[in-house]
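Structure first, commentary second.
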Amino acid sequence: MSTPSAPLPTWIKAVYGAPSFAGAAVAIPILIHMPKFYSDVVLVPVGWIAMAIAIARALDAITDPAIGWLSDRTESRLGRRRPWIALGAPICALALVALFSPPTSLTPSQAGAWFTATFALYFLFHAIYEIPYQGLGFELSPDYRERSGLFAWRMAFIIAGTVIASIAPAVLASAGVADPRTQMHLIALAFGAALILLYGLLVATVRERRDIGTKTTNPLVPGVRRALRNRPFRILFLTFVIGSLPSAIPALMLPFFISYVIQPENPAQILGLFLLLYFGSSFLFLPFWVYLAGRIGKLNAWLASFGIGISAGIGLFFAGPGDVLYVALLHVWAGVAFGAGGLLVPSMQADVVDYDELHTGKRREAQFAAFWAIVPKFVAIPGAALPIAALAAIGYVPNAVQTPEVQLGIRVIYAIVPAVFGLASYFLARLYPITEAVHAEIKTAIAAHERGETARDPLTGESFAPPALREIDEATGWFLDYFSPGELAKLAAGASDGLVRAVGTKLAISTALTIFFFTFAARGLGSLDTEPGLAPVMCVVGGGFALTAACFHALRLRRAREMQARPVAPEIVRMHLAGISNGEARLARAA
């Protein structure tokens, strides 16, 4: 970041964004068509499908951070990101075709094994290219405003891919391809080919920034701790988590809302109309959000989109039978807000990575991308299961006239619940501190550090030396970040004898929780021929997090043994601990 970068040509922005067309197109059959295809056509028991999906998503908690860390550490002629993209996209396409092409000779149990293996491989290979791809986007441009335009291109392709994939089965059916197996096979072949071609074009034409590739790397566990100490990251991440929790509700509940609240004569056609209006307005208003972000800043533009989304949700609550035009206009209004988050949030995430570089001297785009990638995968599980469970609890009966209580419940779930989460996200997002002026100061401070000079943190006002010139040498500082503040406090007091035991105890607890959650999930599953219910699925999610914690503490155990064998001087530990505490206090005061 020491030298100015030329503006990105429009064709670079387009080539970077184009692979998201294939990525979004692939996501539709995976999320929407796959469960019904395997249960109704391939005849895999629904319990098996639900548990396989939950297990694959739980394992993402391990694979995503590992891939992000490895990508940041990669050194090659192609750079840090492109080798992973070149590897991941083709094998993910192969896994996609295998997933949607189960042999007809398989028995239901064999087909279940086929589904479990291909589904898990698909998500592993997807992470191999997707996380470095996101990291590449964060680093392509160092310019505060240009980043919004870059991600607007990506969002445009995401919307286009979503629309094309949504209508693909109907188009094939109208063309005479009625067999579901043939439909899914052709869709997988087409989108898999698009995946290979578009990501291949990206790898062949888009070059990574050389100044970033020379940055030193960091250990995995301390990198996680330092990311969580980054206050702008914590705010943006928590806002993202809260906003993602109801993200499955619109797609899941819209058919119920149309059929049982609006009650038109042709629900299927009205569903298609509403989706077209929603995505169409999202697409058309992308340039508006880029313009608005340039005029009033990314945060203020993002906050404005929250207002639109919340007001649309409140308006939908008051809809009733026959209000097709009213609801159509509200979906246009809601669609206006949809595109804003898709382009502004990743642009703001890139600014957060710059702030991390100011304090660490490292570029860790893919590690941060891994955090963002995990969230939607995990929240999709309860986000999809809870609304259906709520419908069942209030007396919903399929294909029947619903009671007023059920109709009210559908309106609350579809309209009010997302609005409430949006309101909570709005107030949290207001705390985000990086404006265009602050970002310019961050870049100036990074440049000063690269010259070996002291620089000022624009958020705290603190002046500090570059990482290589600080009182605690860089290697020791990262080593100490293997340990929690509580563990560091004991080390500062000279009590290092119990460190291995303490870390080993946490490892044992995490391992025991992993076994408990997965055992409880297996016992609670019951018959594979029935839906497993929310509790076993959530146990799998809990097991995934517990397994991640076990891996985290296993990596720390070796360092604990090193510390116990060759302790760092207590005064050094105290200085490091004081730096952490003072930094948190200064950030709190600045807020």
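Residues are named by chain letter and number: chains run A, B, ... in the order of the structure tokens, numbers start at 1 in each chain, and ligands are numbered from 1 in the order shown.
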So which residues of segment 132-377 of chain A fall under helix (DSSP H, G or I) by DSSP, listed as a ChimeraX atom specification?
/A:132-140,146-174,180-205,210-213,220-228,231-244,249-262,267-284,286-296,298-317,324-360,365-377
Within 7 Å of Val336 of chain A, counting only C-alpha atoms, which residues show up once you throw out same-chain ones fewer than 6 positions away? Write them as a VMD selection string, please.
chain A and resid 281 to 282 285
If you count only C-alpha atoms, which residues fall within 8 Å of Phe274 of chain A, apart from same-chain ones fewer than 4 positions away, as JSON, numbers by chain?
{"A": [270, 278, 328, 331]}
Given the choices A:Ala373, A:Ala334, A:Arg181, A:Leu358, which gets closest to Ala455 of chain A if the distance is worked out from only C-alpha atoms?
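Result for the nearest residue to Ala455 of chain A: A:Leu358.
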Compare A:Leu189, A:Val15, A:Ala168, A:Val177 by their minimum atom-to-atom distance to Val97 of chain A, counting only C-alpha atoms, and give me the closest one.
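For Val97 of chain A, the nearest of the candidates is A:Leu189.
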Which of A:Phe237, A:Phe317, A:Tyr199, A:Tyr432 sits closest to Asn300 of chain A [using only C-alpha atoms]:
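Of all the options, A:Tyr432 lies closest to Asn300 of chain A.
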Can you work out which one of A:Gly341, A:Val206, A:Ser259, A:Trp478 has the shortest atom-to-atom distance to Gln402 of chain A, counting only C-alpha atoms?
A:Ser259
Any idea what's packed within 10 Å of Leu286 of chain A, counting only C-alpha atoms, ignoring anything in its chain fewer than 5 positions away? Could you give it as a list of chain:residue names?
A:Ser148, A:Gly149, A:Phe151, A:Ala152, A:Trp153, A:Met155, A:Ala156, A:Ser281, A:Tyr291, A:Leu292, A:Val336, A:Ala337, A:Phe338, A:Gly339, A:Ala340, A:Gly342, A:Leu343
Limited to C-alpha atoms, could you put the picked residues into a file as a compact mmCIF listing (two decimals), in the first residue's frame?
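Okay, this is what ended up in result37.txt:
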# COMPACT_ATOMS: atom_id res chain seq x y z
CA SER A 148 -18.07 -0.39 -3.82
CA GLY A 149 -18.10 -0.36 -7.61
CA PHE A 151 -18.59 -5.44 -5.51
CA ALA A 152 -21.54 -3.90 -7.35
CA TRP A 153 -20.39 -5.83 -10.42
CA MET A 155 -23.70 -8.39 -6.94
CA ALA A 156 -25.13 -7.83 -10.43
CA SER A 281 -35.36 -3.73 -8.65
CA TYR A 291 -23.46 6.65 -6.17
CA LEU A 292 -25.02 7.13 -2.73
CA VAL A 336 -34.12 -1.83 -3.69
CA ALA A 337 -32.50 -2.54 -0.31
CA PHE A 338 -31.35 -6.07 -1.14
CA GLY A 339 -28.54 -5.04 -3.46
CA ALA A 340 -27.10 -2.49 -1.03
CA GLY A 342 -24.42 -7.23 -1.22
CA LEU A 343 -22.07 -4.53 -2.47
I'd like the interatomic distance between atom CA of Ala429 of chain A and atom CA of Leu236 of chain A, to a tenth of an Å.
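Pair atom CA of Ala429 of chain A / atom CA of Leu236 of chain A returns 6.7 Å.
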Can you list, as a list in words, every protein, DNA or RNA residue that comes within 12 Å of Phe516 of chain A when you count only C-alpha atoms, leaving out same-chain residues fewer than 3 positions away?
Ile509, Ser510, Thr511, Ala512, Leu513, Thr519, Phe520, Ala521, Ala522, Arg523, Gly524, Pro536, Cys539, Val540, Gly542, Gly543, Gly544, Ala546 and Leu547 of chain A
Go ahead and write the selection's residues with N, CA and C atoms as a tab-separated table (two decimals), in the first residue's frame.
chain	number	residue	atom	x	y	z
A	509	ILE	N	-12.51	-31.04	27.45
A	509	ILE	CA	-13.90	-30.62	27.53
A	509	ILE	C	-14.50	-30.47	26.13
A	510	SER	N	-13.75	-29.85	25.23
A	510	SER	CA	-14.23	-29.67	23.86
A	510	SER	C	-14.44	-31.02	23.17
A	511	THR	N	-13.50	-31.94	23.40
A	511	THR	CA	-13.63	-33.27	22.80
A	511	THR	C	-14.85	-33.99	23.36
A	512	ALA	N	-15.05	-33.89	24.68
A	512	ALA	CA	-16.21	-34.54	25.30
A	512	ALA	C	-17.51	-33.96	24.77
A	513	LEU	N	-17.56	-32.63	24.59
A	513	LEU	CA	-18.76	-32.00	24.04
A	513	LEU	C	-19.02	-32.45	22.61
A	519	THR	N	-23.34	-37.86	19.58
A	519	THR	CA	-24.05	-39.04	20.09
A	519	THR	C	-25.52	-38.72	20.31
A	520	PHE	N	-25.80	-37.57	20.91
A	520	PHE	CA	-27.19	-37.17	21.15
A	520	PHE	C	-27.92	-37.00	19.82
A	521	ALA	N	-27.24	-36.44	18.82
A	521	ALA	CA	-27.87	-36.26	17.51
A	521	ALA	C	-28.22	-37.61	16.90
A	522	ALA	N	-27.30	-38.59	17.01
A	522	ALA	CA	-27.55	-39.91	16.45
A	522	ALA	C	-28.72	-40.60	17.15
A	523	ARG	N	-28.79	-40.47	18.49
A	523	ARG	CA	-29.88	-41.09	19.23
A	523	ARG	C	-31.20	-40.38	18.99
A	524	GLY	N	-31.16	-39.09	18.80
A	524	GLY	CA	-32.40	-38.33	18.60
A	524	GLY	C	-32.93	-38.41	17.19
A	536	PRO	N	-31.95	-32.74	17.00
A	536	PRO	CA	-30.78	-33.46	16.49
A	536	PRO	C	-29.94	-32.64	15.52
A	539	CYS	N	-27.92	-30.23	17.41
A	539	CYS	CA	-26.83	-30.94	18.08
A	539	CYS	C	-25.65	-31.15	17.14
A	540	VAL	N	-25.94	-31.40	15.88
A	540	VAL	CA	-24.85	-31.53	14.91
A	540	VAL	C	-24.11	-30.20	14.77
A	542	GLY	N	-23.93	-27.87	17.07
A	542	GLY	CA	-23.14	-27.74	18.30
A	542	GLY	C	-21.91	-28.62	18.27
A	543	GLY	N	-22.05	-29.82	17.72
A	543	GLY	CA	-20.91	-30.71	17.61
A	543	GLY	C	-19.84	-30.15	16.69
A	544	GLY	N	-20.28	-29.47	15.63
A	544	GLY	CA	-19.30	-28.85	14.73
A	544	GLY	C	-18.50	-27.76	15.42
A	546	ALA	N	-18.03	-27.53	18.68
A	546	ALA	CA	-17.20	-28.17	19.70
A	546	ALA	C	-15.97	-28.80	19.07
A	547	LEU	N	-16.14	-29.41	17.89
A	547	LEU	CA	-14.99	-30.00	17.20
A	547	LEU	C	-13.99	-28.93	16.78
What's around Ile314 of chain A at 10 Å? Count only C-alpha atoms, leave out sequence neighbours fewer than 6 positions away in its own chain, and write the answer as a ChimeraX atom specification.
/A:330,411-412,414-420
For the selection you just gave me, I'd like the residues written to a file as a tab-separated table (two decimals), in the first residue's frame, keeping C-alpha atoms.
chain	number	residue	atom	x	y	z
A	330	LEU	CA	-43.56	-3.59	-1.47
A	411	ARG	CA	-47.54	-12.62	8.47
A	412	VAL	CA	-45.45	-12.22	11.62
A	414	TYR	CA	-42.56	-13.37	6.95
A	415	ALA	CA	-42.81	-9.64	7.65
A	416	ILE	CA	-42.14	-8.74	11.28
A	417	VAL	CA	-39.36	-11.16	12.27
A	418	PRO	CA	-36.92	-9.97	9.54
A	419	ALA	CA	-37.85	-6.35	10.34
A	420	VAL	CA	-37.03	-6.85	14.03
